[in-house]
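Below is one structure, written out as structure tokens; the observations come after it.
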Amino acid sequence: MKLTIITVCFNSEKTIENTIKSVIAQNNLNYEYIIIDGGSTDSTKIIINKYIKYISFFSSEKDEGIYDAINKGIIKSTGDVIAILHSDDIFYGTKTTESVINHFKSISDLDCLIGNTVITNSNSGKIIRKYSGNFFKKWMLYIGFSPPHPSTFIKKNIYDKLGLYNNSYKIAGDFDFYIRLFLKAKITFKLVNESYVLMQSGGKSSNSIKSNFISSKEIIKSLRGNNLYSNWFLILLRFPIKLIQFIIK
């Protein structure tokens with residue numbers, strides 16, 4: 001069983017090397033690595049080319065945003081399972097992909113595996129939040145809470161059936177896809193209390209009041225677009241859940 005790892009990036013010279021190193025350090029070697037760059041103008045492409053022998057496919061061109069770039073990677077993928085590792089994230093350890101593939105091998109009809117993403121302070125490296133996949137319940141999508149995207153691994157044939165990410169969203173494209181995945185389709189998924197990805201704080205969906213407003217607005221749009229009831233009060237209920245994850249690490 002082969003894993004496809006997709007990294008999308010743009011002007012990521014400060015972090016992309018650590019991301020790449022975390023991939024090539026994996027014990028499980030049965031993977032392909034795809035990097036989609038949005039036409040970086042800093043030294044990102046130079047850094048990527050240092051490791052080109054480890055990369056199955058690399059392109060650098062202007063795109064229509066993060067979900068457009070992810071879609072390009074999925075289209076190019078040939079693996080059985082897809083992992084999306086952003087350019088400021090790293091795998092939690094060297095046995096991460098081995099663990100992921102073993103779960104899929106142990107359950108032949110498993111469509112999706114969800115683990116934990118550990119969020120650290122970008123300056124000190126201190127753990128500030130454990131975004132636990134084991135905590136996720138499908139009903140939480142109705143209030144805008146979704147599983148951790150970097151630690152959610154999905155079979156390629158599920159993308160073939162359900163389609164790709166809607167790139168009209170700037171922040172909530174993964175949430176919109178999860179509506180189709182968990183509430184519309186009858187997929188099989190497994191929650192595990194295993195940490196798979198280390199993410200730096202300051203992600204696009206939570207790094208400012210403005211981005212939180214945009215993500216909330218897009219979440220409501222997605223729910224209503226999928227004929228599911230939503231309002232601002234319900235969506236704001238997801239923030240207490242997030243607060244719990246800052247307390248319990």
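Letters A, B, ... go to the chains of the structure tokens in the order shown; residues in each chain start at 1; ligands are counted from 1 in the same order.
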Test item: residues at most 10 Å from Asp174 (chain A), only C-alpha atoms, excluding those fewer than 2 positions along its chain, as a list of chain:residue names = A:Tyr67, A:Ser146, A:Pro147, A:Pro148, A:His149, A:Leu164, A:Tyr165, A:Asn166, A:Asn167, A:Tyr169, A:Lys170, A:Ile171, A:Ala172, A:Asp176, A:Phe177, A:Tyr178, A:Ile179, A:Ile219
Shell of 9 Å around Ile5 (chain A), only C-alpha atoms, local chain residues under 5 positions omitted, as a ChimeraX atom specification | /A:23,31-35,73,77,79,81-85
Contacts of Thr97 (chain A) at 8 Å (only C-alpha atoms; same-chain gap of 5+ positions) as a VMD selection string | chain A and resid 3 26 to 28
Restricted to N, CA, C and O atoms, what would the selected residues look like written as a short mmCIF file (atom, residue, chain, number, x, y, z; two decimals), in the first residue's frame?
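Wrote it out as again-v6.cif, contents follow:
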data_model
loop_
_atom_site.label_atom_id
_atom_site.label_comp_id
_atom_site.auth_asym_id
_atom_site.auth_seq_id
_atom_site.Cartn_x
_atom_site.Cartn_y
_atom_site.Cartn_z
N LEU A 3 1.58 5.41 0.05
CA LEU A 3 1.10 6.68 0.58
C LEU A 3 1.57 7.81 -0.32
O LEU A 3 2.73 7.85 -0.73
N GLN A 26 11.19 9.38 7.23
CA GLN A 26 10.21 8.34 7.57
C GLN A 26 10.76 6.93 7.36
O GLN A 26 11.46 6.66 6.38
N ASN A 27 10.43 6.03 8.28
CA ASN A 27 10.84 4.63 8.17
C ASN A 27 10.17 3.94 7.00
O ASN A 27 10.78 3.11 6.32
N ASN A 28 8.91 4.26 6.80
CA ASN A 28 8.17 3.67 5.68
C ASN A 28 8.59 4.36 4.38
O ASN A 28 8.36 5.55 4.21
#
Helix (DSSP H, G or I) call set, DSSP backbone run, region 104-233 of chain A, as a ChimeraX atom specification | /A:104-106,133-135,138-143,149-151,156-162,173-184,209-225,232-233
